[in-house]
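Chemist: Below you'll find upload-v7.cif; it's mmCIF, C-alpha atoms and all ligand atoms.
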data_entry
loop_
_atom_site.group_PDB
_atom_site.id
_atom_site.type_symbol
_atom_site.label_atom_id
_atom_site.label_comp_id
_atom_site.auth_asym_id
_atom_site.auth_seq_id
_atom_site.Cartn_x
_atom_site.Cartn_y
_atom_site.Cartn_z
ATOM 1 C CA GLN A 1 -27.223 49.831 72.871
ATOM 2 C CA LEU A 2 -29.818 49.773 75.634
ATOM 3 C CA ALA A 3 -33.528 49.443 75.016
ATOM 4 C CA ILE A 4 -34.520 50.127 78.639
ATOM 5 C CA GLU A 5 -32.529 51.184 81.684
ATOM 6 C CA ALA A 6 -33.832 51.445 85.251
ATOM 7 C CA VAL A 7 -31.594 52.851 87.977
ATOM 8 C CA ASP A 8 -32.628 52.521 91.625
ATOM 9 C CA VAL A 9 -36.311 52.746 90.739
ATOM 10 C CA THR A 10 -38.995 52.749 93.419
ATOM 11 C CA ARG A 11 -42.791 52.731 93.073
ATOM 12 C CA SER A 12 -45.105 53.157 96.006
ATOM 13 C CA TYR A 13 -48.885 53.297 96.136
ATOM 14 C CA GLN A 14 -51.058 55.081 98.662
ATOM 15 C CA LEU A 15 -53.875 52.825 99.764
ATOM 16 C CA ASP A 16 -56.279 54.102 102.453
ATOM 17 C CA GLY A 17 -53.527 56.276 103.899
ATOM 18 C CA VAL A 18 -51.062 53.408 103.978
ATOM 19 C CA THR A 19 -47.982 53.406 101.737
ATOM 20 C CA VAL A 20 -47.366 50.178 99.850
ATOM 21 C CA GLU A 21 -43.820 49.954 98.490
ATOM 22 C CA ALA A 22 -44.260 47.755 95.435
ATOM 23 C CA LEU A 23 -40.698 48.368 94.197
ATOM 24 C CA ARG A 24 -37.921 49.331 96.603
ATOM 25 C CA GLY A 25 -34.866 50.166 94.507
ATOM 26 C CA VAL A 26 -34.647 48.171 91.297
ATOM 27 C CA SER A 27 -31.805 48.583 88.797
ATOM 28 C CA LEU A 28 -32.021 46.719 85.520
ATOM 29 C CA THR A 29 -30.636 47.185 82.029
ATOM 30 C CA ILE A 30 -32.277 45.574 79.034
ATOM 31 C CA PRO A 31 -30.017 45.556 75.981
ATOM 32 C CA ARG A 32 -31.461 45.278 72.494
ATOM 33 C CA ALA A 33 -32.130 41.628 71.582
ATOM 34 C CA ASP A 34 -32.130 40.572 75.263
ATOM 35 C CA TYR A 35 -34.235 37.600 76.368
ATOM 36 C CA LEU A 36 -34.980 38.033 80.053
ATOM 37 C CA ALA A 37 -37.260 36.033 82.327
ATOM 38 C CA ILE A 38 -38.626 37.524 85.570
ATOM 39 C CA ILE A 39 -39.810 35.138 88.251
ATOM 40 C CA GLY A 40 -41.032 35.684 91.809
ATOM 41 C CA PRO A 41 -44.018 35.052 94.051
ATOM 42 C CA SER A 42 -47.328 36.884 93.761
ATOM 43 C CA GLY A 43 -47.054 40.401 95.185
ATOM 44 C CA SER A 44 -43.267 40.632 94.670
ATOM 45 C CA GLY A 45 -43.587 43.542 92.221
ATOM 46 C CA LYS A 46 -43.352 41.867 88.814
ATOM 47 C CA SER A 47 -46.438 43.537 87.308
ATOM 48 C CA THR A 48 -45.449 46.913 88.727
ATOM 49 C CA LEU A 49 -42.002 46.537 87.153
ATOM 50 C CA MET A 50 -43.494 45.502 83.792
ATOM 51 C CA HIS A 51 -45.806 48.534 83.825
ATOM 52 C CA LEU A 52 -42.798 50.782 84.389
ATOM 53 C CA LEU A 53 -40.635 49.080 81.738
ATOM 54 C CA GLY A 54 -43.502 49.523 79.280
ATOM 55 C CA GLY A 55 -44.007 53.207 80.018
ATOM 56 C CA LEU A 56 -47.509 52.657 81.426
ATOM 57 C CA ASP A 57 -46.520 54.151 84.759
ATOM 58 C CA GLN A 58 -43.850 56.450 86.220
ATOM 59 C CA PRO A 59 -41.412 55.610 89.036
ATOM 60 C CA THR A 60 -41.893 57.293 92.414
ATOM 61 C CA SER A 61 -38.115 57.841 92.479
ATOM 62 C CA GLY A 62 -35.067 56.735 90.531
ATOM 63 C CA ARG A 63 -34.306 57.003 86.839
ATOM 64 C CA LEU A 64 -35.987 55.148 83.994
ATOM 65 C CA SER A 65 -35.185 55.504 80.324
ATOM 66 C CA ILE A 66 -36.938 53.772 77.450
ATOM 67 C CA GLY A 67 -35.407 53.925 73.973
ATOM 68 C CA GLY A 68 -32.912 56.465 75.272
ATOM 69 C CA ARG A 69 -35.610 58.839 76.586
ATOM 70 C CA ASP A 70 -35.836 59.714 80.289
ATOM 71 C CA VAL A 71 -39.518 59.061 81.040
ATOM 72 C CA SER A 72 -39.663 61.700 83.789
ATOM 73 C CA GLN A 73 -39.159 64.345 81.068
ATOM 74 C CA LEU A 74 -42.076 63.182 78.918
ATOM 75 C CA THR A 75 -45.681 64.334 78.753
ATOM 76 C CA ALA A 76 -48.496 61.778 78.753
ATOM 77 C CA SER A 77 -48.850 61.993 74.978
ATOM 78 C CA GLU A 78 -45.076 61.634 74.482
ATOM 79 C CA MET A 79 -45.221 58.552 76.731
ATOM 80 C CA ALA A 80 -48.057 57.146 74.599
ATOM 81 C CA ALA A 81 -46.030 57.744 71.431
ATOM 82 C CA LEU A 82 -42.985 56.082 73.018
ATOM 83 C CA ARG A 83 -45.062 53.007 73.946
ATOM 84 C CA ASN A 84 -46.423 52.851 70.416
ATOM 85 C CA THR A 85 -42.932 52.833 68.845
ATOM 86 C CA GLU A 86 -40.706 51.025 71.355
ATOM 87 C CA ILE A 87 -42.885 48.525 73.228
ATOM 88 C CA GLY A 88 -45.225 45.647 72.455
ATOM 89 C CA PHE A 89 -47.398 44.131 75.206
ATOM 90 C CA VAL A 90 -48.557 40.514 75.430
ATOM 91 C CA PHE A 91 -50.882 39.449 78.253
ATOM 92 C CA GLN A 92 -51.954 36.182 79.829
ATOM 93 C CA ALA A 93 -55.584 36.745 78.812
ATOM 94 C CA PHE A 94 -54.814 37.882 75.214
ATOM 95 C CA HIS A 95 -57.030 41.032 75.413
ATOM 96 C CA LEU A 96 -58.204 40.804 71.811
ATOM 97 C CA LEU A 97 -61.478 42.199 70.488
ATOM 98 C CA PRO A 98 -63.393 38.874 70.262
ATOM 99 C CA ARG A 99 -65.697 39.725 67.361
ATOM 100 C CA THR A 100 -63.198 41.706 65.262
ATOM 101 C CA SER A 101 -61.179 39.855 62.612
ATOM 102 C CA ALA A 102 -57.582 38.870 63.402
ATOM 103 C CA VAL A 103 -56.252 41.298 60.791
ATOM 104 C CA ASP A 104 -58.252 44.208 62.226
ATOM 105 C CA ASN A 105 -57.111 43.358 65.775
ATOM 106 C CA VAL A 106 -53.492 43.354 64.598
ATOM 107 C CA ALA A 107 -53.888 46.557 62.577
ATOM 108 C CA LEU A 108 -55.288 48.507 65.533
ATOM 109 C CA PRO A 109 -51.973 49.923 66.868
ATOM 110 C CA LEU A 110 -51.259 51.286 63.374
ATOM 111 C CA VAL A 111 -54.271 53.601 63.529
ATOM 112 C CA TYR A 112 -52.118 56.021 65.537
ATOM 113 C CA ARG A 113 -49.528 56.041 62.722
ATOM 114 C CA GLY A 114 -51.781 57.881 60.295
ATOM 115 C CA LEU A 115 -51.603 55.050 57.738
ATOM 116 C CA GLY A 116 -54.467 54.373 55.325
ATOM 117 C CA ALA A 117 -56.703 51.323 55.761
ATOM 118 C CA ARG A 118 -55.119 49.386 52.859
ATOM 119 C CA GLU A 119 -51.599 49.954 54.160
ATOM 120 C CA ARG A 120 -52.648 48.944 57.690
ATOM 121 C CA ARG A 121 -54.194 45.751 56.361
ATOM 122 C CA ARG A 122 -51.105 44.954 54.277
ATOM 123 C CA ILE A 123 -48.727 45.334 57.249
ATOM 124 C CA ALA A 124 -51.070 43.450 59.616
ATOM 125 C CA THR A 125 -51.408 40.580 57.100
ATOM 126 C CA GLU A 126 -47.608 40.329 56.788
ATOM 127 C CA THR A 127 -47.282 40.286 60.570
ATOM 128 C CA LEU A 128 -49.898 37.525 60.902
ATOM 129 C CA ALA A 129 -47.909 35.512 58.340
ATOM 130 C CA LYS A 130 -44.792 35.976 60.468
ATOM 131 C CA VAL A 131 -46.546 34.298 63.431
ATOM 132 C CA GLY A 132 -47.846 31.455 61.240
ATOM 133 C CA LEU A 133 -51.430 32.692 60.869
ATOM 134 C CA ALA A 134 -51.603 33.643 57.190
ATOM 135 C CA HIS A 135 -54.613 31.295 56.922
ATOM 136 C CA ARG A 136 -56.493 32.946 59.817
ATOM 137 C CA VAL A 137 -56.480 36.588 58.703
ATOM 138 C CA ASP A 138 -60.272 36.941 58.512
ATOM 139 C CA HIS A 139 -61.121 34.669 61.431
ATOM 140 C CA ARG A 140 -62.362 36.232 64.654
ATOM 141 C CA PRO A 141 -60.671 35.442 67.977
ATOM 142 C CA ASN A 142 -63.872 33.792 69.260
ATOM 143 C CA GLN A 143 -63.448 31.242 66.419
ATOM 144 C CA MET A 144 -59.813 30.480 67.291
ATOM 145 C CA SER A 145 -57.944 28.225 69.732
ATOM 146 C CA GLY A 146 -56.107 29.721 72.707
ATOM 147 C CA GLY A 147 -52.727 29.245 71.037
ATOM 148 C CA GLU A 148 -53.935 30.972 67.879
ATOM 149 C CA GLN A 149 -55.381 33.847 69.912
ATOM 150 C CA GLN A 150 -52.072 34.322 71.682
ATOM 151 C CA ARG A 151 -50.278 34.375 68.319
ATOM 152 C CA VAL A 152 -52.726 37.052 67.110
ATOM 153 C CA ALA A 153 -51.906 39.007 70.276
ATOM 154 C CA ILE A 154 -48.180 38.610 69.575
ATOM 155 C CA ALA A 155 -48.725 39.857 66.007
ATOM 156 C CA ARG A 156 -50.591 42.887 67.380
ATOM 157 C CA ALA A 157 -47.670 43.558 69.730
ATOM 158 C CA LEU A 158 -45.176 43.264 66.853
ATOM 159 C CA VAL A 159 -46.995 45.218 64.179
ATOM 160 C CA THR A 160 -45.377 48.528 65.161
ATOM 161 C CA ALA A 161 -41.883 46.904 65.030
ATOM 162 C CA PRO A 162 -41.079 47.566 68.698
ATOM 163 C CA ALA A 163 -37.607 47.086 70.210
ATOM 164 C CA VAL A 164 -39.038 45.214 73.203
ATOM 165 C CA LEU A 165 -41.869 42.733 73.746
ATOM 166 C CA LEU A 166 -43.135 42.669 77.338
ATOM 167 C CA ALA A 167 -44.990 39.429 77.989
ATOM 168 C CA ASP A 168 -46.787 38.936 81.318
ATOM 169 C CA GLU A 169 -47.434 35.176 81.786
ATOM 170 C CA PRO A 170 -47.971 34.673 78.025
ATOM 171 C CA THR A 171 -48.391 30.909 78.425
ATOM 172 C CA GLY A 172 -50.431 31.074 81.645
ATOM 173 C CA ASN A 173 -53.759 30.333 79.922
ATOM 174 C CA LEU A 174 -52.389 27.674 77.566
ATOM 175 C CA ASP A 175 -51.809 23.933 77.893
ATOM 176 C CA THR A 176 -48.175 22.755 77.917
ATOM 177 C CA THR A 177 -47.933 21.891 74.214
ATOM 178 C CA THR A 178 -49.604 25.078 73.017
ATOM 179 C CA GLY A 179 -47.555 27.127 75.476
ATOM 180 C CA ALA A 180 -44.347 25.570 74.166
ATOM 181 C CA ALA A 181 -45.265 26.597 70.617
ATOM 182 C CA VAL A 182 -45.879 30.184 71.762
ATOM 183 C CA LEU A 183 -42.491 30.196 73.530
ATOM 184 C CA GLU A 184 -40.801 28.897 70.384
ATOM 185 C CA LEU A 185 -42.387 31.741 68.463
ATOM 186 C CA LEU A 186 -41.098 34.325 70.970
ATOM 187 C CA GLU A 187 -37.642 32.717 70.818
ATOM 188 C CA ARG A 188 -37.609 32.832 67.020
ATOM 189 C CA LEU A 189 -38.648 36.504 66.976
ATOM 190 C CA ASN A 190 -35.866 37.233 69.463
ATOM 191 C CA ARG A 191 -33.248 35.266 67.523
ATOM 192 C CA GLU A 192 -34.164 36.211 63.968
ATOM 193 C CA ASP A 193 -35.522 39.731 64.329
ATOM 194 C CA GLY A 194 -33.571 40.851 67.399
ATOM 195 C CA VAL A 195 -36.692 41.810 69.339
ATOM 196 C CA ALA A 196 -35.890 41.956 73.064
ATOM 197 C CA VAL A 197 -38.269 39.735 75.052
ATOM 198 C CA VAL A 198 -39.034 40.286 78.733
ATOM 199 C CA LEU A 199 -41.176 37.504 80.100
ATOM 200 C CA VAL A 200 -42.876 37.185 83.493
ATOM 201 C CA THR A 201 -43.523 33.565 84.388
ATOM 202 C CA HIS A 202 -44.294 31.331 87.341
ATOM 203 C CA ASP A 203 -42.902 28.356 85.449
ATOM 204 C CA ARG A 204 -39.234 27.577 86.152
ATOM 205 C CA ASP A 205 -38.906 25.534 82.953
ATOM 206 C CA VAL A 206 -40.131 28.519 80.930
ATOM 207 C CA ALA A 207 -37.721 30.844 82.747
ATOM 208 C CA ALA A 208 -34.814 28.452 82.183
ATOM 209 C CA ARG A 209 -35.145 28.894 78.414
ATOM 210 C CA ALA A 210 -34.383 32.618 78.590
ATOM 211 C CA SER A 211 -30.819 33.858 78.234
ATOM 212 C CA ARG A 212 -31.052 35.664 81.594
ATOM 213 C CA GLN A 213 -33.267 35.240 84.639
ATOM 214 C CA ILE A 214 -33.989 37.562 87.530
ATOM 215 C CA ALA A 215 -35.993 36.707 90.631
ATOM 216 C CA MET A 216 -37.992 39.274 92.586
ATOM 217 C CA ARG A 217 -39.048 39.239 96.195
ATOM 218 C CA ASP A 218 -40.704 41.991 98.258
ATOM 219 C CA GLY A 219 -40.076 44.663 95.619
ATOM 220 C CA VAL A 220 -36.394 44.003 94.992
ATOM 221 C CA ILE A 221 -34.331 41.814 92.650
ATOM 222 C CA VAL A 222 -32.781 39.057 94.733
HETATM 223 P P1 LIG B 301 -46.771 40.740 91.256
HETATM 224 O O1 LIG B 301 -46.988 41.123 89.839
HETATM 225 O O2 LIG B 301 -45.394 40.174 91.508
HETATM 226 O O3 LIG B 301 -47.855 39.864 91.777
HETATM 227 P P2 LIG B 301 -47.491 43.477 91.849
HETATM 228 O O4 LIG B 301 -46.524 44.353 91.139
HETATM 229 O O5 LIG B 301 -48.831 43.280 91.248
HETATM 230 O O6 LIG B 301 -46.794 42.067 92.140
HETATM 231 O O7 LIG B 301 -47.713 44.017 93.334
HETATM 232 C C1 LIG B 301 -46.636 44.376 94.194
HETATM 233 C C2 LIG B 301 -47.239 44.983 95.442
HETATM 234 O O8 LIG B 301 -47.792 46.255 95.123
HETATM 235 C C3 LIG B 301 -48.368 44.175 96.057
HETATM 236 O O9 LIG B 301 -48.283 44.357 97.450
HETATM 237 C C4 LIG B 301 -49.604 44.819 95.463
HETATM 238 O O10 LIG B 301 -50.716 44.610 96.299
HETATM 239 C C5 LIG B 301 -49.182 46.268 95.411
HETATM 240 N N1 LIG B 301 -49.863 47.010 94.308
HETATM 241 C C6 LIG B 301 -49.721 46.780 92.981
HETATM 242 N N2 LIG B 301 -50.457 47.636 92.272
HETATM 243 C C7 LIG B 301 -51.082 48.427 93.175
HETATM 244 C C8 LIG B 301 -51.993 49.526 93.074
HETATM 245 N N3 LIG B 301 -52.407 49.989 91.893
HETATM 246 N N4 LIG B 301 -52.411 50.101 94.222
HETATM 247 C C9 LIG B 301 -51.993 49.651 95.421
HETATM 248 N N5 LIG B 301 -51.143 48.642 95.589
HETATM 249 C C10 LIG B 301 -50.697 48.026 94.478
HETATM 250 P P1 LIG B 302 -52.368 40.056 87.173
HETATM 251 O O1 LIG B 302 -52.001 39.098 88.266
HETATM 252 O O2 LIG B 302 -53.469 39.588 86.273
HETATM 253 O O3 LIG B 302 -51.174 40.635 86.449
HETATM 254 P P2 LIG B 302 -52.527 42.066 89.197
HETATM 255 O O4 LIG B 302 -53.217 41.526 90.387
HETATM 256 O O5 LIG B 302 -51.032 42.092 89.226
HETATM 257 O O6 LIG B 302 -53.038 41.307 87.910
HETATM 258 O O7 LIG B 302 -52.982 43.546 88.907
HETATM 259 C C1 LIG B 302 -54.126 43.880 88.170
HETATM 260 C C2 LIG B 302 -54.294 45.379 88.267
HETATM 261 O O8 LIG B 302 -54.646 45.742 89.604
HETATM 262 C C3 LIG B 302 -52.994 46.128 87.964
HETATM 263 O O9 LIG B 302 -53.302 47.289 87.223
HETATM 264 C C4 LIG B 302 -52.419 46.458 89.314
HETATM 265 O O10 LIG B 302 -51.672 47.660 89.294
HETATM 266 C C5 LIG B 302 -53.678 46.606 90.168
HETATM 267 N N1 LIG B 302 -53.449 46.172 91.551
HETATM 268 C C6 LIG B 302 -52.726 45.107 91.960
HETATM 269 N N2 LIG B 302 -52.723 45.013 93.304
HETATM 270 C C7 LIG B 302 -53.498 46.043 93.751
HETATM 271 C C8 LIG B 302 -53.902 46.479 95.043
HETATM 272 N N3 LIG B 302 -53.491 45.884 96.167
HETATM 273 N N4 LIG B 302 -54.698 47.552 95.122
HETATM 274 C C9 LIG B 302 -55.086 48.174 94.010
HETATM 275 N N5 LIG B 302 -54.756 47.814 92.771
HETATM 276 C C10 LIG B 302 -53.962 46.760 92.639
#
Write the structure described by the file as structure tokens, please.
Modeler:
Amino acid sequence: QLAIEAVDVTRSYQLDGVTVEALRGVSLTIPRADYLAIIGPSGSGKSTLMHLLGGLDQPTSGRLSIGGRDVSQLTASEMAALRNTEIGFVFQAFHLLPRTSAVDNVALPLVYRGLGARERRRIATETLAKVGLAHRVDHRPNQMSGGEQQRVAIARALVTAPAVLLADEPTGNLDTTTGAAVLELLERLNREDGVAVVLVTHDRDVAARASRQIAMRDGVIV
């Protein structure tokens, strides 16, 4: 069963009357429980591809389906609902609310589920335990180490039980040891819970740990 399928997808931007072709015909299938690393130089289209895979953006041409739904057929609010159920995002710079407790950061995506505050807190607490942060539930990100903050961000991405985690340079702001621990966490979630992981990285050693690697250059997979 496929989590995401892209067939001959292009994405171009208009910039001051000039067309920039960020993706020029990309086909990619991401099965459930995949662990895929994407490498490539700056400007090769990795972020553009991640935005598309995560339903944050629509292709200019080609076909893209997420969780079996053709994204070209969806309204903006259907796209938002699809992101909230199928996809979790992890970023290089964590993007947590710095003065909000870890549990409230993690519970945030559940607000759109119509769950009560107690239920949200219960699920968020369980998810923090899953990433090894049961003892940090009421800490704020600005009181935590970088590795802990990234684990909070991973818990926030997981709290909606998505099929796919999209991680854009998740270890880019971390030292080698802390980064390795974050990678081990992603690997365990992939192995034990069957969450598909799609990782953008500049680090060849990080990419080598994935079960598949693709390299991008000038908007295509090479
Ligand atoms: P990468 O993530 O590999 O660095 P990007 O996907 O960010 O590559 O960019 C691919 C190309 O598309 C680059 O030439 C970039 O400048 C261009 N690009 C990306 N996003 C936009 C945008 N919103 N508007 C215009 N050009 C963009
Ligand atoms: P990062 O390297 O942190 O992933 P990027 O440089 O890829 O950040 O992109 C940051 C944001 O700016 C993205 O939303 C991307 O679409 C946009 N962007 C990237 N390149 C351009 C560009 N040449 N013109 C306009 N927007 C761009």
Chemist: At a cut-off of 7 Å, can you tabulate as JSON lines every residue of chain A near ligand LIG 302 (chain B) together with its closest atom pair and the distance in Å to one decimal, using only C-alpha atoms and all ligand atoms and ordering rows by chain then number?
Modeler:
{"residue": "A:Ser47", "atom": "CA", "partner": "B:LIG302", "partner_atom": "O5", "distance": 5.2}
{"residue": "A:Thr48", "atom": "CA", "partner": "B:LIG302", "partner_atom": "O10", "distance": 6.3}
{"residue": "A:Asp168", "atom": "CA", "partner": "B:LIG302", "partner_atom": "O3", "distance": 7.0}
Chemist: Closest to A:Ser42 among A:Ala93, A:Ala22, A:Ala117, A:Ile4, using all atoms listed in the file?
Modeler: A:Ala22
Chemist: Return as a PyMOL selection string the set of residues that the PyMOL selection byres (((chain A and resi 202-216) around 6) and not hetatm) yields on the displayed structure.
Modeler: chain A and resi 35-40+44+201+217+220-222
Chemist: Interatomic distance between atom C10 of ligand LIG 301 (chain B) and atom CA of A:Gln58?
Modeler: 13.6 Å
Chemist: Care to translate the PyMOL selection byres (((chain A and resi 150-156) around 9) and not hetatm) into actual residues of this file, as number ranges by chain?
Modeler: A: 88-96, 102-103, 105-109, 124, 127-133, 141, 145-149, 157-160, 165, 170-171, 174, 182, 185-186
Chemist: I want to know what sits within 9 Å of A:Met50, based on all atoms listed in the file, with residues of the same chain fewer than 3 positions away left out; could you give that as a PyMOL selection string?
Modeler: chain A and resi 45-47+53-56+166-168+198+200
Chemist: First collect every listed atom of ligand LIG 301 (chain B); then fit an axis-aligned box around them, widen it by 5 Å on each side, and give centre and edge lengths in Å to one decimal, as AutoDock Vina command-line options.
Modeler:
--center_x -48.9 --center_y 45.0 --center_z 93.6 --size_x 17.0 --size_y 20.2 --size_z 17.6
Chemist: Residues within 12 Å of A:Ser27, please, as a VMD selection string. Count all atoms listed in the file; anything in the same chain fewer than 3 positions from it doesn't count.
Modeler: chain A and resid 4 to 10 23 to 24 30 49 53 59 61 to 65 214 216 219 to 222
Chemist: Nearest to ligand LIG 301 (chain B) among A:Gly43, A:Arg188, A:Arg32, A:Thr19, with distances taken over only C-alpha atoms and all ligand atoms: which residue is it?
Modeler: A:Gly43
Chemist: Which residues are close to A:Arg140, i.e. within 7 Å by all atoms listed in the file, leaving aside same-chain residues fewer than 4 positions away? Reply as a count of residues only.
Modeler: 6
Chemist: Which one of A:Gly17, A:Pro31, A:Gly172, A:Pro41 sits closest to ligand LIG 301 (chain B) if you count all atoms listed in the file?
Modeler: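 Looking only at the distances to ligand LIG 301 (chain B), the closest residue turns out to be A:Pro41.
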Chemist: In Å, how far is it from atom CA of A:Thr29 to atom CA of A:Leu2?
Modeler: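 Atom CA of A:Thr29 sits 6.9 Å away from atom CA of A:Leu2.
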Chemist: Can you tell me how far atom CA of A:Ala33 sits from atom CA of A:Glu187, in Å to one decimal?
Modeler: 10.5 Å
Chemist: Just checking: using only C-alpha atoms, which residue out of A:Gly179, A:Tyr13, A:Gln143, A:Val71 ends up closest to A:Leu97?
Modeler: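 Among the listed residues, the smallest separation from A:Leu97 belongs to A:Gln143.
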Chemist: When distances are computed from only C-alpha atoms and all ligand atoms, which of A:Leu189, A:Leu52, A:Leu74, A:Met79 shows the smallest separation from ligand LIG 301 (chain B)?
Modeler: A:Leu52
Chemist: So, with only C-alpha atoms and all ligand atoms as the atoms that count, which of A:Asp218, A:Glu126, A:Thr75, A:Leu28 lies closest to ligand LIG 301 (chain B)?
Modeler: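 Ranking A:Asp218, A:Glu126, A:Thr75, A:Leu28 by distance to ligand LIG 301 (chain B), first place goes to A:Asp218.
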